[in-house]
Amino acid sequence: RLWAEGTDAAAPSYARALDLNPGDPAVLVEVGVFHVFRGDITTGRSYIEEAFKLNPVPPPWYHEFRGLADFAEGRYAEALRGFEPITEPAIDIMYRLACLGHLGETDKARALRTRLAAAGHHWDFMAGAAQEPYCNPEVRERLIDGLKRALSV
């Protein structure tokens, strides 16, 4: 619902999930990323870190969501570490490319693009970036800017 209708429409669903399962790390990490998209990164990070405490051997997507918080704060090297382990979903690759673009890692960006092309993947990362549900447009613009840098090499 977050991506389909935005943060305001999704808010009741996240609140309900938290009411029903306040100690479930999967719910906490999801609520955390919801707050990141709403622009309350401090609260989002708090939920995400609590999820890591409750599940010390989390699935890779927990790191991805921590990476979203890092990206929103402009911490691209830290964010990159959250996206690198997840090698296939387009959204993770989109953020990896944006981080590489911001970090000036043109060789790594080019290699990633070459690997994607060889695998037959032709995703429209710019369209994906434009649809990210950030309430703060500055974060989305940084995502797009990083992609432009990575895709132009």
# chains A, B, ... in the order shown; residues from 1 in each chain; ligands from 1
>>> residues_around(residues="segment 35-37 of chain A", least_positions_apart="5", cutoff="9 Å", atoms="only C-alpha atoms", output="NGL selection string")
:A and (7 or 30 or 42-45 or 47 or 68-69 or 72 or 132-136)
>>> write_last_selection(atoms="C-alpha atoms", output="tab-separated table (two decimals), in the first residue's frame")
chain	number	residue	atom	x	y	z
A	7	THR	CA	2.41	7.23	3.20
A	30	GLU	CA	8.68	-2.45	8.14
A	42	THR	CA	15.34	9.05	13.68
A	43	THR	CA	12.14	7.20	14.55
A	44	GLY	CA	12.57	4.90	11.57
A	45	ARG	CA	16.10	4.02	12.55
A	47	TYR	CA	12.42	0.73	14.90
A	68	LEU	CA	17.30	3.08	3.04
A	69	ALA	CA	17.70	5.03	6.29
A	72	ALA	CA	17.98	9.16	3.28
A	132	GLU	CA	9.80	6.00	-4.37
A	133	PRO	CA	7.33	7.23	-1.72
A	134	TYR	CA	9.56	9.76	0.04
A	135	CYS	CA	7.60	12.63	1.57
A	136	ASN	CA	10.77	14.72	1.38
>>> residues_around(residues="Arg1 of chain A", least_positions_apart="4", cutoff="10 Å", atoms="only C-alpha atoms", output="list in words")
Glu5, Gly6, Thr7, Asp8, Ala9, Ala10, Ala11, Ser13 and Tyr14 of chain A
>>> write_last_selection(atoms="C-alpha atoms", output="PDB file, in the first residue's frame")
ATOM      1  CA  GLU A   5      -1.089   4.916  -2.435  1.00  0.00           C
ATOM      2  CA  GLY A   6       1.565   6.765  -0.446  1.00  0.00           C
ATOM      3  CA  THR A   7       2.413   7.230   3.199  1.00  0.00           C
ATOM      4  CA  ASP A   8      -0.838   8.834   4.344  1.00  0.00           C
ATOM      5  CA  ALA A   9      -2.930   5.981   2.982  1.00  0.00           C
ATOM      6  CA  ALA A  10      -0.525   3.377   4.365  1.00  0.00           C
ATOM      7  CA  ALA A  11      -0.274   4.871   7.875  1.00  0.00           C
ATOM      8  CA  SER A  13      -2.006  -0.320   8.114  1.00  0.00           C
ATOM      9  CA  TYR A  14       1.379   0.214   9.742  1.00  0.00           C
TER      10      TYR A  14
END
>>> closest_residue(among="A:Met94, A:Ile41, A:Ala17, A:Val29", to="Pro60 of chain A", atoms="only C-alpha atoms")
A:Val29
>>> residues_around(residues="segment 112-117 of chain A", least_positions_apart="5", cutoff="10 Å", atoms="only C-alpha atoms", output="PDB file with N, CA and C atoms, in the first residue's frame")
ATOM      1  N   THR A  87      21.286  -9.197  -4.644  1.00  0.00           N
ATOM      2  CA  THR A  87      21.830  -9.033  -5.994  1.00  0.00           C
ATOM      3  C   THR A  87      20.796  -8.990  -7.105  1.00  0.00           C
ATOM      4  N   GLU A  88      19.552  -9.291  -6.852  1.00  0.00           N
ATOM      5  CA  GLU A  88      18.605  -9.380  -7.960  1.00  0.00           C
ATOM      6  C   GLU A  88      17.491  -8.333  -7.984  1.00  0.00           C
ATOM      7  N   ALA A  90      15.291  -5.289  -8.530  1.00  0.00           N
ATOM      8  CA  ALA A  90      15.634  -4.026  -9.186  1.00  0.00           C
ATOM      9  C   ALA A  90      15.784  -2.879  -8.196  1.00  0.00           C
ATOM     10  N   ILE A  93      19.249  -2.864  -6.670  1.00  0.00           N
ATOM     11  CA  ILE A  93      20.246  -2.483  -7.666  1.00  0.00           C
ATOM     12  C   ILE A  93      20.135  -0.994  -7.969  1.00  0.00           C
ATOM     13  N   ARG A  96      21.881   0.669  -5.181  1.00  0.00           N
ATOM     14  CA  ARG A  96      23.332   0.423  -5.310  1.00  0.00           C
ATOM     15  C   ARG A  96      23.932   1.353  -6.341  1.00  0.00           C
ATOM     16  N   LEU A  97      23.294   1.452  -7.495  1.00  0.00           N
ATOM     17  CA  LEU A  97      23.800   2.347  -8.541  1.00  0.00           C
ATOM     18  C   LEU A  97      23.828   3.795  -8.061  1.00  0.00           C
ATOM     19  N   LEU A 100      26.730   4.243  -5.703  1.00  0.00           N
ATOM     20  CA  LEU A 100      27.983   4.248  -6.466  1.00  0.00           C
ATOM     21  C   LEU A 100      28.157   5.565  -7.210  1.00  0.00           C
ATOM     22  N   THR A 106      32.753   4.925 -10.458  1.00  0.00           N
ATOM     23  CA  THR A 106      32.297   4.723 -11.835  1.00  0.00           C
ATOM     24  C   THR A 106      32.617   3.328 -12.368  1.00  0.00           C
ATOM     25  N   ASP A 107      33.763   2.777 -12.023  1.00  0.00           N
ATOM     26  CA  ASP A 107      34.109   1.437 -12.507  1.00  0.00           C
ATOM     27  C   ASP A 107      33.135   0.390 -11.966  1.00  0.00           C
ATOM     28  N   HIS A 122      16.814  -5.077 -18.172  1.00  0.00           N
ATOM     29  CA  HIS A 122      16.760  -3.720 -18.724  1.00  0.00           C
ATOM     30  C   HIS A 122      15.711  -2.927 -17.952  1.00  0.00           C
ATOM     31  N   TRP A 123      15.998  -2.685 -16.688  1.00  0.00           N
ATOM     32  CA  TRP A 123      15.057  -1.992 -15.827  1.00  0.00           C
ATOM     33  C   TRP A 123      15.132  -0.490 -16.037  1.00  0.00           C
ATOM     34  N   ALA A 150      25.599   7.418 -12.118  1.00  0.00           N
ATOM     35  CA  ALA A 150      25.995   6.020 -12.345  1.00  0.00           C
ATOM     36  C   ALA A 150      25.643   5.537 -13.747  1.00  0.00           C
ATOM     37  N   LEU A 151      24.573   6.045 -14.297  1.00  0.00           N
ATOM     38  CA  LEU A 151      24.122   5.578 -15.606  1.00  0.00           C
ATOM     39  C   LEU A 151      24.789   6.315 -16.760  1.00  0.00           C
ATOM     40  N   VAL A 153      28.072   6.772 -17.058  1.00  0.00           N
ATOM     41  CA  VAL A 153      29.461   6.325 -17.268  1.00  0.00           C
ATOM     42  C   VAL A 153      29.521   5.130 -18.192  1.00  0.00           C
TER      43      VAL A 153
END
>>> closest_residue(among="A:Phe34, A:Ala98, A:Glu50, A:Val139", to="Pro22 of chain A", atoms="only C-alpha atoms")
A:Glu50
>>> closest_residue(among="A:Leu143, A:Cys99, A:Leu80, A:Leu18", to="Gly67 of chain A", atoms="only C-alpha atoms")
A:Leu80
>>> atom_distance(atom1="atom CA of Leu28 of chain A", atom2="atom CA of Glu49 of chain A")
8.8 Å
>>> select_by_dssp(residues="segment 8-81 of chain A", states="helix (DSSP H, G or I)", output="PyMOL selection string")
chain A and resi 8-20+25-38+41-54+60-72+76-81
>>> write_last_selection(atoms="C-alpha atoms", output="PDB file, in the first residue's frame")
ATOM      1  CA  ASP A   8      -0.838   8.834   4.344  1.00  0.00           C
ATOM      2  CA  ALA A   9      -2.930   5.981   2.982  1.00  0.00           C
ATOM      3  CA  ALA A  10      -0.525   3.377   4.365  1.00  0.00           C
ATOM      4  CA  ALA A  11      -0.274   4.871   7.875  1.00  0.00           C
ATOM      5  CA  PRO A  12      -3.316   3.042   9.344  1.00  0.00           C
ATOM      6  CA  SER A  13      -2.006  -0.320   8.114  1.00  0.00           C
ATOM      7  CA  TYR A  14       1.379   0.214   9.742  1.00  0.00           C
ATOM      8  CA  ALA A  15      -0.237   1.418  12.976  1.00  0.00           C
ATOM      9  CA  ARG A  16      -2.496  -1.639  13.042  1.00  0.00           C
ATOM     10  CA  ALA A  17       0.409  -4.012  12.387  1.00  0.00           C
ATOM     11  CA  LEU A  18       2.340  -2.430  15.242  1.00  0.00           C
ATOM     12  CA  ASP A  19      -0.681  -2.667  17.573  1.00  0.00           C
ATOM     13  CA  LEU A  20      -1.149  -6.359  16.778  1.00  0.00           C
ATOM     14  CA  PRO A  25      10.971  -7.774  14.355  1.00  0.00           C
ATOM     15  CA  ALA A  26       9.567  -8.057  10.819  1.00  0.00           C
ATOM     16  CA  VAL A  27       6.811  -5.595  11.729  1.00  0.00           C
ATOM     17  CA  LEU A  28       9.293  -3.290  13.452  1.00  0.00           C
ATOM     18  CA  VAL A  29      11.630  -3.140  10.465  1.00  0.00           C
ATOM     19  CA  GLU A  30       8.675  -2.453   8.136  1.00  0.00           C
ATOM     20  CA  VAL A  31       7.381   0.302  10.429  1.00  0.00           C
ATOM     21  CA  GLY A  32      10.906   1.674  10.521  1.00  0.00           C
ATOM     22  CA  VAL A  33      11.177   1.999   6.763  1.00  0.00           C
ATOM     23  CA  PHE A  34       7.701   3.546   6.688  1.00  0.00           C
ATOM     24  CA  HIS A  35       8.981   6.298   9.006  1.00  0.00           C
ATOM     25  CA  VAL A  36      12.054   6.752   6.819  1.00  0.00           C
ATOM     26  CA  PHE A  37       9.816   7.385   3.817  1.00  0.00           C
ATOM     27  CA  ARG A  38       7.719   9.789   5.890  1.00  0.00           C
ATOM     28  CA  ILE A  41      14.525   9.031   9.959  1.00  0.00           C
ATOM     29  CA  THR A  42      15.345   9.047  13.679  1.00  0.00           C
ATOM     30  CA  THR A  43      12.140   7.196  14.551  1.00  0.00           C
ATOM     31  CA  GLY A  44      12.567   4.904  11.565  1.00  0.00           C
ATOM     32  CA  ARG A  45      16.100   4.019  12.550  1.00  0.00           C
ATOM     33  CA  SER A  46      14.943   3.319  16.117  1.00  0.00           C
ATOM     34  CA  TYR A  47      12.424   0.730  14.902  1.00  0.00           C
ATOM     35  CA  ILE A  48      14.943  -0.795  12.499  1.00  0.00           C
ATOM     36  CA  GLU A  49      17.606  -1.131  15.198  1.00  0.00           C
ATOM     37  CA  GLU A  50      15.078  -2.676  17.599  1.00  0.00           C
ATOM     38  CA  ALA A  51      14.272  -5.262  14.917  1.00  0.00           C
ATOM     39  CA  PHE A  52      17.979  -6.135  14.716  1.00  0.00           C
ATOM     40  CA  LYS A  53      18.113  -6.566  18.502  1.00  0.00           C
ATOM     41  CA  LEU A  54      15.134  -8.923  18.457  1.00  0.00           C
ATOM     42  CA  PRO A  60      19.110  -9.690   4.160  1.00  0.00           C
ATOM     43  CA  TRP A  61      16.202  -7.326   3.637  1.00  0.00           C
ATOM     44  CA  TYR A  62      16.646  -5.941   7.175  1.00  0.00           C
ATOM     45  CA  HIS A  63      20.017  -4.628   6.005  1.00  0.00           C
ATOM     46  CA  GLU A  64      18.329  -3.231   2.908  1.00  0.00           C
ATOM     47  CA  PHE A  65      15.911  -1.255   5.075  1.00  0.00           C
ATOM     48  CA  ARG A  66      18.775   0.033   7.220  1.00  0.00           C
ATOM     49  CA  GLY A  67      20.382   1.036   3.913  1.00  0.00           C
ATOM     50  CA  LEU A  68      17.296   3.081   3.038  1.00  0.00           C
ATOM     51  CA  ALA A  69      17.698   5.031   6.286  1.00  0.00           C
ATOM     52  CA  ASP A  70      21.396   5.552   5.568  1.00  0.00           C
ATOM     53  CA  PHE A  71      20.619   6.717   2.030  1.00  0.00           C
ATOM     54  CA  ALA A  72      17.983   9.158   3.276  1.00  0.00           C
ATOM     55  CA  TYR A  76      26.048   6.513   0.820  1.00  0.00           C
ATOM     56  CA  ALA A  77      28.962   4.251   1.813  1.00  0.00           C
ATOM     57  CA  GLU A  78      26.946   2.863   4.727  1.00  0.00           C
ATOM     58  CA  ALA A  79      23.832   2.547   2.569  1.00  0.00           C
ATOM     59  CA  LEU A  80      25.749   0.645  -0.087  1.00  0.00           C
ATOM     60  CA  ARG A  81      26.616  -2.063   2.454  1.00  0.00           C
TER      61      ARG A  81
END
>>> atom_distance(atom1="atom CA of Phe125 of chain A", atom2="atom CA of Tyr95 of chain A")
9.1 Å
>>> closest_residue(among="A:Glu73, A:Pro59, A:Asn21, A:Ala111", to="Glu138 of chain A", atoms="only C-alpha atoms")
A:Glu73
>>> atom_distance(atom1="atom CA of Trp3 of chain A", atom2="atom CA of Ala129 of chain A")
11.4 Å
